[in-house]
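Q: Before I ask anything, let me first share the structure, which is written out below as structure tokens.
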Amino acid sequence: MTDKSRQRLAALFADIERLAGHPDAGTEAIQRELEALRARVAEMEARILHDREPASSTRAGSPALYEKEQVGYVYAGTRLESMPSSAIETPRNDHNVLQLPLVGTDGAIGRIVAEPPPQRGWTKEDASLAEAIAQRASLQIQSLRLLTAAEQARAEAEAASRRFIHESWASFLDGIRNNERIGYLYDQAEVAPVANPNVDEADIHETIEVLDEHIGSLLVKSDPARPPTHEDKAMVSAVARQVAQQVENLRLLAEAARARAEAEEAARRLTREEWREYSERAKKKKKSLGFLYDSNQVQPLSAPPSSIDLSHPIVVRGEAIGQLAVSGLGHVSPEMTEIVSAIAAQASIHIETLRLTEELQQRAEELMELDRLKSSFLANMSHELRTPLNSILGFADVMIEGLDGPLTPNMDNDLKLIQKNGQHLLHLINDVLDMAKIESGTLNLTVETFNLNEIIEEVTGITGLLASDKRIALVIEPDSDREVEISADRTRLRQVLINIVTNAIKFTEKGKISLRAVCEKNNVLVAVKDTGIGIPADQLETIFQEFTQVDSSTTRKAGGTGLGLPISRRLIEMHGGRLWAESSGVEGEGSTFYIFLPIEAKIADPEPVTRGK
């Protein structure tokens with residue numbers, strides 16, 4: 001603010017105070033006008049004081065021509081001097097003096113006054129030259145005014161942008177996260193918050209989208225004298241895309257920084273809690289958490305030394321868990337400080353590794369105990385369930401045979417349904433019981449020598465009714481070895497073959513299922529081949545996992561618990577053999593299950609025998 005402006009402002013305040021104290025100013029109307037005038041003047045003063053700093057950012061040496069101040073300059077010969085204000089306001093009536101107006105966009109902004117030399121007057125050429133100079137001066141002054149205004153607006157916009165970035169960005173991100181509506185208005189002079197923008201007044205409206213989600217809008221109001229062109233709309237659309245990308249980048253950056261801070265805090269809290277628990281557990285076990293090494297021996301530290309020459313914290317995941325202290329050094333050199341720091345870093349890693357190892361061992365012991373309890377529970381519950389179920393099936397058999405009297409057709413049908421579902425439930429319970437015994441190590445094998453073909457014929461006899469119901473041929477291949485004898489658990493081997501053949505019948509709609517046994521030196525290979533739906537190559541091992549099925553839809557249709565094949569593989573492995581499946585995964589070509597067993601069961605071997613190929 002110039003000195004003249006300050007003088008005028010002070011004079012205005014003095015007039016107001018004098019008017020307020022005048023006896024004639026007692027009416028209510030004059031009093032209201034005075035209050036309104038005071039408020040307007042105070043607002044003007046605050047605005048002038050607020051705009052003082054941006055006004056100082058104008059270009060050095062250029063006059064503030066946009067202010068409501070009159071300025072003038074005198075050019076005589078080769079000198080340029082400022083003209084006093086009184087001389088500017090004095091009109092010149094001399095006919096020899098040329099007075100040419102300086103015109104801007106808002107009208108007259110000044111004038112050029114030119115006096116001729118004493119020895120001659122003005123000519124027409126001189127007048128035309130003066131008019132051209134006046135026009136050029138008008139354009140130059142207007143350009144300077146626009147340049148100064150643009151620089152001031154740019155400085156204010158940059159300041160507002162910096163303030164927006166450093167002070168308002170956190171609230172902007174919080175607004176995005178809390179679904180608040182946040183907007184900013186830029187009018188080429190400043191950036192200001194806006195709460196409720198008027199969409200109807202915008203000439204260009206572009207949506208800001210992130211991952212096809214609408215997060216905001218870009219509204220542009222154009223100059224009424226220049227309607228927006230297609231190029232303008234395309235540029236605004238490109239700006240909207242860039243703004244969307246930048247907003248999303250900043251949001252992701254803020255979320256990543258927040259997540260990293262939360263993760264670091266969680267890691268520190270976890271470390272602190274784990275080490276506190278570890279320390280308390282060590283104290284209960286009367287373990288020492290400090291040790292003293294005196295170049296001869298390592299012994300528990302009962303109390304810290306009285307004098308410490310050098311110390312360094314032992315840090316794990318940002319949390320100090322202890323201290324490495326050295327005494328008796330005397331002079332501490334930089335090399336010694338680096339050595340102690342390196343030793344503390346390595347000690348931190350080793351101590352945390354030892355603690356984690358101890359934790360893992362403890363968790364492993366707990367898991368083993370839980371697994372043992374689970375297996376014991378399953379075994380006991382299966383036994384308790386199987387006992388009453390056998391009674392139900394026994395009484396159903398008695399009633400179906402008519403030992404308790406004649407039955408009506410409906411009663412006979414209902415009892416057969418009870419018997420069928422009871423047998424299915426008993427089979428499921430037996431599977432659970434077998435798996436529990438296998439996992440707990442309580443399942444024992446009874447080894448005896450028998451003819452393998454007899455077991456295969458028993459299996460075909462048991463499952464033949466299921467195959468005939470689906471019109472599937474169940475055959476033993478003619479080249480199957482019918483004379484081979486093996487030493488194994490007869491009951492468990494029959495159970496394995498029944499599981500495999502039953503599965504083949506479930507998932508085969510037409511064709512046949514064949515069994516074949518081939519003797520190979522001291523081993524025997526049994527193959528069960530079907531023409532069912534097949535098994536994808538990447539699922540050939542999955543089918544041998546507990547409670548796992550390749551296709552849940554077919555499983556629901558055919559039924560089953562998903563324990564038959566896992567139990568079968570474990571039983572074969574307990575004999576020292578191997579069970580696997582091969583399939584092309586093409587429906588109609590089916591699958592082939594192979595059982596590879598030693599002639600003499602190797603029950604004592606911890607690892608199953610692998611067949612050379």
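Convention: chains lettered A, B, ... in structure tokens order; per-chain residue numbering from 1; ligands numbered from 1 as shown.
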Can you tell me, as a PyMOL selection string, what residues are no more than 9 Å from range 290-292 of chain A when counting only C-alpha atoms, ignoring any on the same chain fewer than 3 positions away?
A: chain A and resi 297-304+322
Q: As JSON, numbers by chain, please: all residues of range 291-428 of chain A that backbone DSSP puts in strand (DSSP E).
A: {"A": [291, 292, 293, 298, 299, 300, 310, 311, 312, 313, 314, 315, 316, 319, 320, 321, 322, 323, 324, 325, 326]}
Q: Which residues are close to range 190-203 of chain A, i.e. within 7 Å by only C-alpha atoms, leaving aside same-chain residues fewer than 6 positions away? Reply as a ChimeraX atom specification.
A: /A:153,156-157,160-161,182-184,219-222
Q: Rank nothing, just name the residue among A:Arg241, A:Arg226, A:Arg79, A:Arg494 nearest to Ile572 in chain A, using only C-alpha atoms.
A: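 For Ile572 in chain A, the nearest of the candidates is A:Arg494.
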Q: Take CA of Glu477 in chain A and CA of Thr460 in chain A and report the distance between them in Å, one decimal.
A: 12.0 Å
Q: Could you list, as an MDAnalysis selection string, every residue within 8 Å of range 343-353 of chain A, counting only C-alpha atoms and ignoring same-chain residues fewer than 2 positions away?
A: chainID A and resid 312:316 323:324 339:341 355:357
Q: So the first atom is CA of Arg363 in chain A and the second is CA of Arg269 in chain A; what is the distance between them in Å, to one decimal place?
A: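 Straight-line distance from CA of Arg363 in chain A to CA of Arg269 in chain A works out to 20.7 Å.
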Q: Just the residues within 10 Å of Gln545 in chain A, please, counting only C-alpha atoms, with nothing from its chain fewer than 3 positions along; format it as a count of residues only.
A: 11
